[in-house]
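All remarks here apply to the structure that follows.
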Protein chains: 4
Amino acid sequence: MSLITRTKLSVRFHECDPLQIVWHGNYLKYFEEGREDFGKKYGISYLDVKEKGFSTPVVKSVCEHKLPLKYGDEFEVVSKFINSKAAKIIFEYEIFCRDQLICKGETVQVFTDEKGLVLMNPTFFSSWKEKMGIE
Amino acid sequence: MSLITRTKLSVRFHECDPLQIVWHGNYLKYFEEGREDFGKKYGISYLDVKEKGFSTPVVKSVCEHKLPLKYGDEFEVVSKFINSKAAKIIFEYEIFCRDQLICKGETVQVFTDEKGLVLMNPTFFSSWKEKMGIE
Amino acid sequence: MSLITRTKLSVRFHECDPLQIVWHGNYLKYFEEGREDFGKKYGISYLDVKEKGFSTPVVKSVCEHKLPLKYGDEFEVVSKFINSKAAKIIFEYEIFCRDQLICKGETVQVFTDEKGLVLMNPTFFSSWKEKMGIE
Amino acid sequence: MSLITRTKLSVRFHECDPLQIVWHGNYLKYFEEGREDFGKKYGISYLDVKEKGFSTPVVKSVCEHKLPLKYGDEFEVVSKFINSKAAKIIFEYEIFCRDQLICKGETVQVFTDEKGLVLMNPTFFSSWKEKMGIE
């Protein structure tokens, strides 16, 4: 079973650059909006995790662009949770506009608490995985 | 005596919009860089103030544009401290490029501590003003 | 008759700063989203205006903050068209969250064509005003 | 011979997020500043390339974070040109602060002209490589 969220967004004017397209770095904002939309749907958003005493900083991000988005475009971010044995939260993303693939991406997050990096999955995250039917 | 800082900056590509000019909201970033440059020079930066137990959120900002900046432009932010009887930090800004006035602006900041808004000047700020020769 | 648009938005994580609140400059993004939402509803958006051969750069922006927005907040931008005899587009904004006023603001835009600043209202804009019942 | 530029920057307040660290997506801004600094030094900046009739949109970006940057940090972006047989501009980046590696990254850019994607190296780019002693 795939854990996926589809988030509808539209390009904002201030996200576009002098090439008349969305500035490449702004796709990480779209990924974040997709990831948080997933988090709200499945109970693992930034605020959910914070309440448990953890932060989940992004330690890796990748974006591969196929086609540009322009101002006025409406698009969909597909955020897919990728299971991992490590104490990490991994998402893969695809953005589509008018049935065309705009870009693909990935983010990797780790867990930190007030002492620093957490090397084992926090209990709340293991429970969450179990509840989601992921092992 | 005027308390003024002059900060040299250059336009970054991602700050420009499809009109090929700096997006208007990004001037507030330039004002912030000017203000913080002032703060470092005169000992009243964000980190100085934080150390004293206060934050200084911006409660008002104004920007009036005369000419646009384009990618590649180098410019100067002039940040001028405006004295006030109220418990506020007020700055006026002017940005110049090639001896032309690009824009004028203003920000107003208040003091907050862990209890909320502070209505009287914090002691450290009164002392700072005295040291600067401002009454 | 008032020309008003109400736009529902929510705070994005990357819009928040170390004070745990929306960075003050990001409210100009919200105003832009409100203004463009108005423009789409009433046929005077950036792309509509561009098609007529004009740009409408922002020449003044003001924001006065009453209360901060935090991550997770959902809010409403009220964008109100303010009529003017001058060749300008003026909007006033109010942002509300949980029935509380968060901030008030204003933007002023002028018209430019390929030759530069346009001092008289472009024909399309006069027609638009007439159609909207504004004189 | 390595073509490298070292660019000194400092963290701006509005680049930091509620975790009190630079928001991960902002590192792509630092990479861009490093890349453009390289471009100005070696005559292959955005404006140089534009003058030749080409754009160089980013088609891939990667960032791997080792340590966070905080507000107040001064750091160095090392931008290294990576030669490729393909019609691409590839850079690798490393950011250092207080002699510690903060992050590593990569960007890949392609060439486009008014007709679209350019599959062969533009003449100006081949000449530039030759002048730089790269084959």
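By order in the structure tokens, chains are A, B, ...; within a chain, residues start at 1; ligands start at 1, following the order shown.
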Could you list the residues in chain A lying within 8 Å of chain B, using only C-alpha atoms, and format the result as a list of chain:residue names? A:Phe13, A:His14, A:Glu15, A:Cys16, A:Asp17, A:Pro18, A:Leu19, A:Gln20, A:Ile21, A:Trp23
Using N, CA, C and O atoms, can you write the selected residues to a file as a PDB file, in the first residue's frame?
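Result went into out-v3.pdb, see below:
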```pdb
ATOM      1  N   PHE A  13       3.037  34.846  -8.229  1.00  0.00           N
ATOM      2  CA  PHE A  13       3.855  35.740  -9.061  1.00  0.00           C
ATOM      3  C   PHE A  13       5.286  35.871  -8.534  1.00  0.00           C
ATOM      4  O   PHE A  13       6.256  35.790  -9.299  1.00  0.00           O
ATOM      5  N   HIS A  14       5.409  36.062  -7.221  1.00  0.00           N
ATOM      6  CA  HIS A  14       6.738  36.314  -6.639  1.00  0.00           C
ATOM      7  C   HIS A  14       7.628  35.072  -6.633  1.00  0.00           C
ATOM      8  O   HIS A  14       8.770  35.142  -6.195  1.00  0.00           O
ATOM      9  N   GLU A  15       7.104  33.948  -7.090  1.00  0.00           N
ATOM     10  CA  GLU A  15       7.924  32.735  -7.185  1.00  0.00           C
ATOM     11  C   GLU A  15       8.595  32.613  -8.553  1.00  0.00           C
ATOM     12  O   GLU A  15       9.372  31.685  -8.772  1.00  0.00           O
ATOM     13  N   CYS A  16       8.261  33.533  -9.463  1.00  0.00           N
ATOM     14  CA  CYS A  16       8.793  33.462 -10.832  1.00  0.00           C
ATOM     15  C   CYS A  16       9.983  34.392 -11.000  1.00  0.00           C
ATOM     16  O   CYS A  16      10.074  35.420 -10.339  1.00  0.00           O
ATOM     17  N   ASP A  17      10.873  34.022 -11.899  1.00  0.00           N
ATOM     18  CA  ASP A  17      12.127  34.751 -12.047  1.00  0.00           C
ATOM     19  C   ASP A  17      12.198  35.441 -13.417  1.00  0.00           C
ATOM     20  O   ASP A  17      11.239  35.396 -14.190  1.00  0.00           O
ATOM     21  N   PRO A  18      13.290  36.122 -13.702  1.00  0.00           N
ATOM     22  CA  PRO A  18      13.392  36.856 -14.974  1.00  0.00           C
ATOM     23  C   PRO A  18      13.286  35.969 -16.219  1.00  0.00           C
ATOM     24  O   PRO A  18      13.038  36.487 -17.306  1.00  0.00           O
ATOM     25  N   LEU A  19      13.445  34.657 -16.088  1.00  0.00           N
ATOM     26  CA  LEU A  19      13.228  33.764 -17.226  1.00  0.00           C
ATOM     27  C   LEU A  19      11.737  33.479 -17.418  1.00  0.00           C
ATOM     28  O   LEU A  19      11.364  32.668 -18.255  1.00  0.00           O
ATOM     29  N   GLN A  20      10.892  34.121 -16.628  1.00  0.00           N
ATOM     30  CA  GLN A  20       9.424  33.980 -16.710  1.00  0.00           C
ATOM     31  C   GLN A  20       8.955  32.615 -16.226  1.00  0.00           C
ATOM     32  O   GLN A  20       7.852  32.171 -16.552  1.00  0.00           O
ATOM     33  N   ILE A  21       9.805  31.902 -15.494  1.00  0.00           N
ATOM     34  CA  ILE A  21       9.430  30.587 -14.965  1.00  0.00           C
ATOM     35  C   ILE A  21       9.638  30.588 -13.450  1.00  0.00           C
ATOM     36  O   ILE A  21      10.283  31.481 -12.904  1.00  0.00           O
ATOM     37  N   TRP A  23      11.338  30.039 -10.186  1.00  0.00           N
ATOM     38  CA  TRP A  23      12.761  29.908  -9.831  1.00  0.00           C
ATOM     39  C   TRP A  23      12.987  28.506  -9.239  1.00  0.00           C
ATOM     40  O   TRP A  23      12.199  28.067  -8.389  1.00  0.00           O
TER      41      TRP A  23
END
```
As a ChimeraX atom specification, please: every residue in range 7-133 of chain A that DSSP puts in strand (DSSP E or B). /A:7-10,16,21-22,55,58-65,70,74-82,88-97,100-113,116-118
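Pairwise distance (CA of Val110 in chain C, CA of Phe54 in chain C) equals 9.8 Å.
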Please, which residues of range 7-72 of chain C, numbered as in this document, come out helix (DSSP H, G or I) from DSSP, as an mmCIF file with all heavy atoms, in the first residue's frame?
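That gives us result01.cif:
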```cif
data_model
loop_
_atom_site.group_PDB
_atom_site.id
_atom_site.type_symbol
_atom_site.label_atom_id
_atom_site.label_comp_id
_atom_site.auth_asym_id
_atom_site.auth_seq_id
_atom_site.Cartn_x
_atom_site.Cartn_y
_atom_site.Cartn_z
ATOM 1 N N PHE C 13 5.396 26.803 6.333
ATOM 2 C CA PHE C 13 6.499 26.713 7.292
ATOM 3 C C PHE C 13 7.648 27.658 6.952
ATOM 4 O O PHE C 13 8.178 28.361 7.825
ATOM 5 C CB PHE C 13 7.012 25.265 7.363
ATOM 6 C CG PHE C 13 8.131 25.088 8.342
ATOM 7 C CD1 PHE C 13 7.874 25.076 9.708
ATOM 8 C CD2 PHE C 13 9.445 24.960 7.922
ATOM 9 C CE1 PHE C 13 8.894 24.933 10.627
ATOM 10 C CE2 PHE C 13 10.475 24.814 8.843
ATOM 11 C CZ PHE C 13 10.198 24.800 10.193
ATOM 12 N N HIS C 14 8.030 27.672 5.677
ATOM 13 C CA HIS C 14 9.200 28.464 5.273
ATOM 14 C C HIS C 14 8.928 29.971 5.318
ATOM 15 O O HIS C 14 9.825 30.766 5.047
ATOM 16 C CB HIS C 14 9.653 28.058 3.864
ATOM 17 C CG HIS C 14 8.568 28.205 2.850
ATOM 18 N ND1 HIS C 14 7.764 27.164 2.452
ATOM 19 C CD2 HIS C 14 8.103 29.279 2.185
ATOM 20 C CE1 HIS C 14 6.887 27.598 1.574
ATOM 21 N NE2 HIS C 14 7.069 28.872 1.397
ATOM 22 N N GLU C 15 7.717 30.369 5.635
ATOM 23 C CA GLU C 15 7.404 31.793 5.775
ATOM 24 C C GLU C 15 7.617 32.290 7.211
ATOM 25 O O GLU C 15 7.488 33.474 7.474
ATOM 26 C CB GLU C 15 5.950 32.042 5.347
ATOM 27 C CG GLU C 15 5.744 31.832 3.846
ATOM 28 C CD GLU C 15 4.284 31.773 3.427
ATOM 29 O OE1 GLU C 15 3.402 31.656 4.298
ATOM 30 O OE2 GLU C 15 4.043 31.820 2.215
ATOM 31 N N HIS C 24 7.838 39.447 8.748
ATOM 32 C CA HIS C 24 6.977 40.583 8.372
ATOM 33 C C HIS C 24 6.913 40.819 6.862
ATOM 34 O O HIS C 24 5.862 41.188 6.343
ATOM 35 C CB HIS C 24 7.409 41.855 9.116
ATOM 36 C CG HIS C 24 8.738 42.389 8.691
ATOM 37 N ND1 HIS C 24 9.931 41.876 9.150
ATOM 38 C CD2 HIS C 24 9.071 43.376 7.822
ATOM 39 C CE1 HIS C 24 10.929 42.542 8.608
ATOM 40 N NE2 HIS C 24 10.444 43.449 7.794
ATOM 41 N N GLY C 25 8.016 40.609 6.169
ATOM 42 C CA GLY C 25 8.013 40.875 4.721
ATOM 43 C C GLY C 25 7.122 39.921 3.940
ATOM 44 O O GLY C 25 6.725 40.223 2.811
ATOM 45 N N ASN C 26 6.812 38.779 4.520
ATOM 46 C CA ASN C 26 5.994 37.802 3.791
ATOM 47 C C ASN C 26 4.521 38.211 3.684
ATOM 48 O O ASN C 26 3.793 37.648 2.862
ATOM 49 C CB ASN C 26 6.117 36.416 4.434
ATOM 50 C CG ASN C 26 7.450 35.771 4.105
ATOM 51 O OD1 ASN C 26 8.009 36.020 3.032
ATOM 52 N ND2 ASN C 26 7.973 34.957 5.009
ATOM 53 N N TYR C 27 4.096 39.182 4.474
ATOM 54 C CA TYR C 27 2.717 39.655 4.331
ATOM 55 C C TYR C 27 2.493 40.296 2.962
ATOM 56 O O TYR C 27 1.385 40.257 2.432
ATOM 57 C CB TYR C 27 2.351 40.623 5.471
ATOM 58 C CG TYR C 27 2.211 39.893 6.794
ATOM 59 C CD1 TYR C 27 3.304 39.682 7.622
ATOM 60 C CD2 TYR C 27 0.986 39.367 7.188
ATOM 61 C CE1 TYR C 27 3.186 38.983 8.824
ATOM 62 C CE2 TYR C 27 0.853 38.671 8.382
ATOM 63 C CZ TYR C 27 1.957 38.481 9.197
ATOM 64 O OH TYR C 27 1.836 37.775 10.371
ATOM 65 N N LEU C 28 3.560 40.835 2.370
ATOM 66 C CA LEU C 28 3.415 41.392 1.019
ATOM 67 C C LEU C 28 3.120 40.291 0.003
ATOM 68 O O LEU C 28 2.506 40.542 -1.031
ATOM 69 C CB LEU C 28 4.668 42.183 0.624
ATOM 70 C CG LEU C 28 4.937 43.434 1.469
ATOM 71 C CD1 LEU C 28 6.142 44.202 0.917
ATOM 72 C CD2 LEU C 28 3.722 44.347 1.511
ATOM 73 N N LYS C 29 3.556 39.063 0.304
ATOM 74 C CA LYS C 29 3.179 37.918 -0.545
ATOM 75 C C LYS C 29 1.691 37.623 -0.402
ATOM 76 O O LYS C 29 1.013 37.324 -1.386
ATOM 77 C CB LYS C 29 4.011 36.685 -0.175
ATOM 78 C CG LYS C 29 5.503 36.873 -0.384
ATOM 79 C CD LYS C 29 6.274 35.588 -0.070
ATOM 80 C CE LYS C 29 7.770 35.806 -0.286
ATOM 81 N NZ LYS C 29 8.561 34.634 0.128
ATOM 82 N N TYR C 30 1.216 37.687 0.828
ATOM 83 C CA TYR C 30 -0.209 37.428 1.054
ATOM 84 C C TYR C 30 -1.060 38.503 0.370
ATOM 85 O O TYR C 30 -2.101 38.202 -0.213
ATOM 86 C CB TYR C 30 -0.519 37.394 2.551
ATOM 87 C CG TYR C 30 0.227 36.333 3.336
ATOM 88 C CD1 TYR C 30 0.449 36.469 4.708
ATOM 89 C CD2 TYR C 30 0.727 35.183 2.726
ATOM 90 C CE1 TYR C 30 1.117 35.506 5.445
ATOM 91 C CE2 TYR C 30 1.406 34.213 3.457
ATOM 92 C CZ TYR C 30 1.593 34.385 4.814
ATOM 93 O OH TYR C 30 2.259 33.428 5.550
ATOM 94 N N PHE C 31 -0.610 39.762 0.466
ATOM 95 C CA PHE C 31 -1.345 40.835 -0.208
ATOM 96 C C PHE C 31 -1.373 40.561 -1.720
ATOM 97 O O PHE C 31 -2.408 40.738 -2.367
ATOM 98 C CB PHE C 31 -0.689 42.196 0.052
ATOM 99 C CG PHE C 31 -0.780 42.679 1.480
ATOM 100 C CD1 PHE C 31 -0.009 43.755 1.913
ATOM 101 C CD2 PHE C 31 -1.628 42.077 2.399
ATOM 102 C CE1 PHE C 31 -0.095 44.221 3.219
ATOM 103 C CE2 PHE C 31 -1.710 42.532 3.717
ATOM 104 C CZ PHE C 31 -0.934 43.605 4.124
ATOM 105 N N GLU C 32 -0.229 40.131 -2.250
ATOM 106 C CA GLU C 32 -0.179 39.840 -3.692
ATOM 107 C C GLU C 32 -1.130 38.709 -4.061
ATOM 108 O O GLU C 32 -1.797 38.768 -5.105
ATOM 109 C CB GLU C 32 1.253 39.482 -4.108
ATOM 110 C CG GLU C 32 1.417 39.283 -5.594
ATOM 111 C CD GLU C 32 2.875 39.176 -5.988
ATOM 112 O OE1 GLU C 32 3.512 40.207 -6.231
ATOM 113 O OE2 GLU C 32 3.402 38.041 -6.031
ATOM 114 N N GLU C 33 -1.186 37.692 -3.216
ATOM 115 C CA GLU C 33 -2.110 36.599 -3.507
ATOM 116 C C GLU C 33 -3.561 37.080 -3.452
ATOM 117 O O GLU C 33 -4.385 36.679 -4.269
ATOM 118 C CB GLU C 33 -1.885 35.437 -2.534
ATOM 119 C CG GLU C 33 -0.606 34.682 -2.822
ATOM 120 C CD GLU C 33 -0.489 33.402 -1.996
ATOM 121 O OE1 GLU C 33 -1.210 32.433 -2.276
ATOM 122 O OE2 GLU C 33 0.324 33.408 -1.059
ATOM 123 N N GLY C 34 -3.859 37.951 -2.499
ATOM 124 C CA GLY C 34 -5.206 38.519 -2.422
ATOM 125 C C GLY C 34 -5.513 39.366 -3.648
ATOM 126 O O GLY C 34 -6.589 39.252 -4.252
ATOM 127 N N ARG C 35 -4.564 40.207 -4.026
ATOM 128 C CA ARG C 35 -4.755 41.113 -5.171
ATOM 129 C C ARG C 35 -4.942 40.331 -6.465
ATOM 130 O O ARG C 35 -5.790 40.663 -7.284
ATOM 131 C CB ARG C 35 -3.512 42.002 -5.275
ATOM 132 C CG ARG C 35 -3.558 43.070 -6.322
ATOM 133 C CD ARG C 35 -2.371 44.014 -6.147
ATOM 134 N NE ARG C 35 -1.070 43.414 -6.405
ATOM 135 C CZ ARG C 35 -0.087 43.283 -5.509
ATOM 136 N NH1 ARG C 35 -0.232 43.688 -4.275
ATOM 137 N NH2 ARG C 35 1.062 42.740 -5.856
ATOM 138 N N GLU C 36 -4.154 39.273 -6.636
ATOM 139 C CA GLU C 36 -4.288 38.470 -7.848
ATOM 140 C C GLU C 36 -5.586 37.668 -7.846
ATOM 141 O O GLU C 36 -6.180 37.442 -8.897
ATOM 142 C CB GLU C 36 -3.070 37.550 -8.005
ATOM 143 C CG GLU C 36 -1.876 38.258 -8.620
ATOM 144 C CD GLU C 36 -2.152 38.673 -10.063
ATOM 145 O OE1 GLU C 36 -2.052 37.821 -10.970
ATOM 146 O OE2 GLU C 36 -2.456 39.862 -10.275
ATOM 147 N N ASP C 37 -6.017 37.262 -6.673
ATOM 148 C CA ASP C 37 -7.297 36.570 -6.566
ATOM 149 C C ASP C 37 -8.428 37.533 -6.979
ATOM 150 O O ASP C 37 -9.338 37.157 -7.749
ATOM 151 C CB ASP C 37 -7.491 36.117 -5.105
ATOM 152 C CG ASP C 37 -8.547 35.047 -4.970
ATOM 153 O OD1 ASP C 37 -8.796 34.308 -5.938
ATOM 154 O OD2 ASP C 37 -9.146 34.933 -3.882
ATOM 155 N N PHE C 38 -8.338 38.755 -6.506
ATOM 156 C CA PHE C 38 -9.260 39.812 -6.937
ATOM 157 C C PHE C 38 -9.189 39.962 -8.462
ATOM 158 O O PHE C 38 -10.211 40.005 -9.157
ATOM 159 C CB PHE C 38 -8.879 41.133 -6.245
ATOM 160 C CG PHE C 38 -9.746 42.302 -6.629
ATOM 161 C CD1 PHE C 38 -10.767 42.732 -5.803
ATOM 162 C CD2 PHE C 38 -9.530 42.988 -7.825
ATOM 163 C CE1 PHE C 38 -11.567 43.813 -6.155
ATOM 164 C CE2 PHE C 38 -10.328 44.066 -8.187
ATOM 165 C CZ PHE C 38 -11.349 44.474 -7.354
ATOM 166 N N GLY C 39 -7.970 40.040 -8.980
ATOM 167 C CA GLY C 39 -7.763 40.257 -10.417
ATOM 168 C C GLY C 39 -8.378 39.157 -11.276
ATOM 169 O O GLY C 39 -8.938 39.419 -12.348
ATOM 170 N N LYS C 40 -8.283 37.926 -10.792
ATOM 171 C CA LYS C 40 -8.865 36.809 -11.553
ATOM 172 C C LYS C 40 -10.393 36.873 -11.527
ATOM 173 O O LYS C 40 -11.056 36.594 -12.512
ATOM 174 C CB LYS C 40 -8.379 35.476 -10.983
ATOM 175 C CG LYS C 40 -6.962 35.137 -11.440
ATOM 176 C CD LYS C 40 -6.415 33.929 -10.697
ATOM 177 C CE LYS C 40 -4.912 33.854 -10.863
ATOM 178 N NZ LYS C 40 -4.288 32.988 -9.849
ATOM 179 N N LYS C 41 -10.920 37.251 -10.357
ATOM 180 C CA LYS C 41 -12.377 37.328 -10.206
ATOM 181 C C LYS C 41 -12.956 38.432 -11.085
ATOM 182 O O LYS C 41 -13.997 38.261 -11.705
ATOM 183 C CB LYS C 41 -12.693 37.597 -8.721
ATOM 184 C CG LYS C 41 -14.173 37.632 -8.382
ATOM 185 C CD LYS C 41 -14.343 37.798 -6.868
ATOM 186 C CE LYS C 41 -15.774 38.121 -6.469
ATOM 187 N NZ LYS C 41 -15.844 38.505 -5.034
ATOM 188 N N TYR C 42 -12.253 39.570 -11.146
ATOM 189 C CA TYR C 42 -12.807 40.746 -11.816
ATOM 190 C C TYR C 42 -12.129 41.049 -13.161
ATOM 191 O O TYR C 42 -12.374 42.101 -13.751
ATOM 192 C CB TYR C 42 -12.719 41.968 -10.892
ATOM 193 C CG TYR C 42 -13.653 41.899 -9.708
ATOM 194 C CD1 TYR C 42 -13.170 41.749 -8.413
ATOM 195 C CD2 TYR C 42 -15.032 41.981 -9.894
ATOM 196 C CE1 TYR C 42 -14.037 41.684 -7.326
ATOM 197 C CE2 TYR C 42 -15.905 41.913 -8.814
ATOM 198 C CZ TYR C 42 -15.406 41.767 -7.538
ATOM 199 O OH TYR C 42 -16.263 41.697 -6.469
ATOM 200 N N TYR C 46 -2.658 40.170 -13.278
ATOM 201 C CA TYR C 46 -1.365 40.406 -13.960
ATOM 202 C C TYR C 46 -1.404 39.944 -15.405
ATOM 203 O O TYR C 46 -0.975 40.671 -16.310
ATOM 204 C CB TYR C 46 -0.261 39.658 -13.200
ATOM 205 C CG TYR C 46 1.065 39.636 -13.916
ATOM 206 C CD1 TYR C 46 1.878 40.771 -13.942
ATOM 207 C CD2 TYR C 46 1.510 38.494 -14.574
ATOM 208 C CE1 TYR C 46 3.093 40.760 -14.604
ATOM 209 C CE2 TYR C 46 2.726 38.481 -15.239
ATOM 210 C CZ TYR C 46 3.509 39.618 -15.248
ATOM 211 O OH TYR C 46 4.710 39.602 -15.918
ATOM 212 N N LEU C 47 -1.939 38.751 -15.657
ATOM 213 C CA LEU C 47 -1.948 38.215 -17.023
ATOM 214 C C LEU C 47 -2.956 38.954 -17.913
ATOM 215 O O LEU C 47 -2.703 39.159 -19.102
ATOM 216 C CB LEU C 47 -2.218 36.706 -17.011
ATOM 217 C CG LEU C 47 -1.082 35.861 -16.412
ATOM 218 C CD1 LEU C 47 -1.491 34.388 -16.309
ATOM 219 C CD2 LEU C 47 0.217 35.976 -17.198
ATOM 220 N N ASP C 48 -4.081 39.375 -17.348
ATOM 221 C CA ASP C 48 -5.052 40.182 -18.106
ATOM 222 C C ASP C 48 -4.413 41.491 -18.570
ATOM 223 O O ASP C 48 -4.560 41.908 -19.714
ATOM 224 C CB ASP C 48 -6.277 40.526 -17.226
ATOM 225 C CG ASP C 48 -7.100 39.293 -16.867
ATOM 226 O OD1 ASP C 48 -7.296 38.432 -17.747
ATOM 227 O OD2 ASP C 48 -7.533 39.181 -15.698
ATOM 228 N N VAL C 49 -3.725 42.131 -17.632
ATOM 229 C CA VAL C 49 -3.121 43.443 -17.902
ATOM 230 C C VAL C 49 -1.969 43.301 -18.899
ATOM 231 O O VAL C 49 -1.792 44.134 -19.794
ATOM 232 C CB VAL C 49 -2.641 44.065 -16.567
ATOM 233 C CG1 VAL C 49 -1.788 45.299 -16.821
ATOM 234 C CG2 VAL C 49 -3.839 44.418 -15.680
ATOM 235 N N LYS C 50 -1.211 42.232 -18.747
ATOM 236 C CA LYS C 50 -0.076 41.973 -19.649
ATOM 237 C C LYS C 50 -0.567 41.810 -21.089
ATOM 238 O O LYS C 50 0.056 42.295 -22.043
ATOM 239 C CB LYS C 50 0.640 40.698 -19.188
ATOM 240 C CG LYS C 50 1.974 40.462 -19.860
ATOM 241 C CD LYS C 50 2.583 39.145 -19.394
ATOM 242 C CE LYS C 50 3.871 38.863 -20.161
ATOM 243 N NZ LYS C 50 4.370 37.507 -19.898
ATOM 244 N N GLU C 51 -1.693 41.110 -21.226
ATOM 245 C CA GLU C 51 -2.274 40.878 -22.555
ATOM 246 C C GLU C 51 -2.633 42.198 -23.244
ATOM 247 O O GLU C 51 -2.611 42.298 -24.477
ATOM 248 C CB GLU C 51 -3.530 40.025 -22.377
ATOM 249 C CG GLU C 51 -3.953 39.256 -23.603
ATOM 250 C CD GLU C 51 -5.307 38.598 -23.351
ATOM 251 O OE1 GLU C 51 -6.293 39.339 -23.116
ATOM 252 O OE2 GLU C 51 -5.369 37.361 -23.370
#
```
Near-Lys104 in chain D list (6 Å; only C-alpha atoms; drop same-chain fewer than 6 positions) as a list in words: Cys63, Glu64, Tyr93 and Glu94 of chain D
Write out, as a PDB file, in the first residue's frame, the residues just selected, with N, CA and C atoms.
```
ATOM      1  N   CYS D  63      21.168  19.001  -2.509  1.00  0.00           N
ATOM      2  CA  CYS D  63      21.856  19.545  -1.336  1.00  0.00           C
ATOM      3  C   CYS D  63      21.828  18.519  -0.205  1.00  0.00           C
ATOM      4  N   GLU D  64      23.014  18.235   0.322  1.00  0.00           N
ATOM      5  CA  GLU D  64      23.119  17.326   1.475  1.00  0.00           C
ATOM      6  C   GLU D  64      23.669  18.108   2.657  1.00  0.00           C
ATOM      7  N   TYR D  93      29.240  22.222  -5.025  1.00  0.00           N
ATOM      8  CA  TYR D  93      29.386  23.248  -3.995  1.00  0.00           C
ATOM      9  C   TYR D  93      29.715  22.604  -2.652  1.00  0.00           C
ATOM     10  N   GLU D  94      30.489  23.325  -1.875  1.00  0.00           N
ATOM     11  CA  GLU D  94      30.646  22.988  -0.466  1.00  0.00           C
ATOM     12  C   GLU D  94      30.549  24.287   0.325  1.00  0.00           C
TER      13      GLU D  94
END
```
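One distance worth recording is that between CA of Arg6 in chain B and CA of Ile82 in chain B, which is 15.2 Å.
CA of Asn121 in chain B to CA of Ile134 in chain B spans 13.5 Å [interatomic distance, one decimal].
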Non-local contacts of Lys66 in chain A (8 Å; only C-alpha atoms; under 4 positions in same chain excluded) as JSON, numbers by chain: {"A": [101, 102, 103], "D": [59]}
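Excluding range 2-5 of chain A and any residue on its chain fewer than 6 positions from it, the residues at most 6 Å away by only C-alpha atoms are A:Phe38, A:Val78, A:Ser79, A:Lys80, A:Phe81.
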Can I get the selected residues back with N, CA and C atoms, as a short mmCIF file (atom, residue, chain, number, x, y, z; two decimals), in the first residue's frame?
```
data_model
loop_
_atom_site.label_atom_id
_atom_site.label_comp_id
_atom_site.auth_asym_id
_atom_site.auth_seq_id
_atom_site.Cartn_x
_atom_site.Cartn_y
_atom_site.Cartn_z
N PHE A 38 0.50 16.05 3.44
CA PHE A 38 0.55 14.63 3.82
C PHE A 38 0.53 14.50 5.35
N VAL A 78 2.46 15.44 -5.90
CA VAL A 78 2.21 14.09 -5.39
C VAL A 78 3.35 13.76 -4.42
N SER A 79 3.00 13.58 -3.14
CA SER A 79 3.99 13.32 -2.10
C SER A 79 3.83 11.88 -1.64
N LYS A 80 4.89 11.10 -1.76
CA LYS A 80 4.81 9.67 -1.45
C LYS A 80 5.78 9.33 -0.33
N PHE A 81 5.27 8.74 0.72
CA PHE A 81 6.11 8.32 1.83
C PHE A 81 6.88 7.06 1.45
#
```
Calculated over only C-alpha atoms, which of the candidates C:Lys8, C:Ser55, C:Ile44, C:Lys60 has the smallest distance to Met132 in chain C? C:Ile44
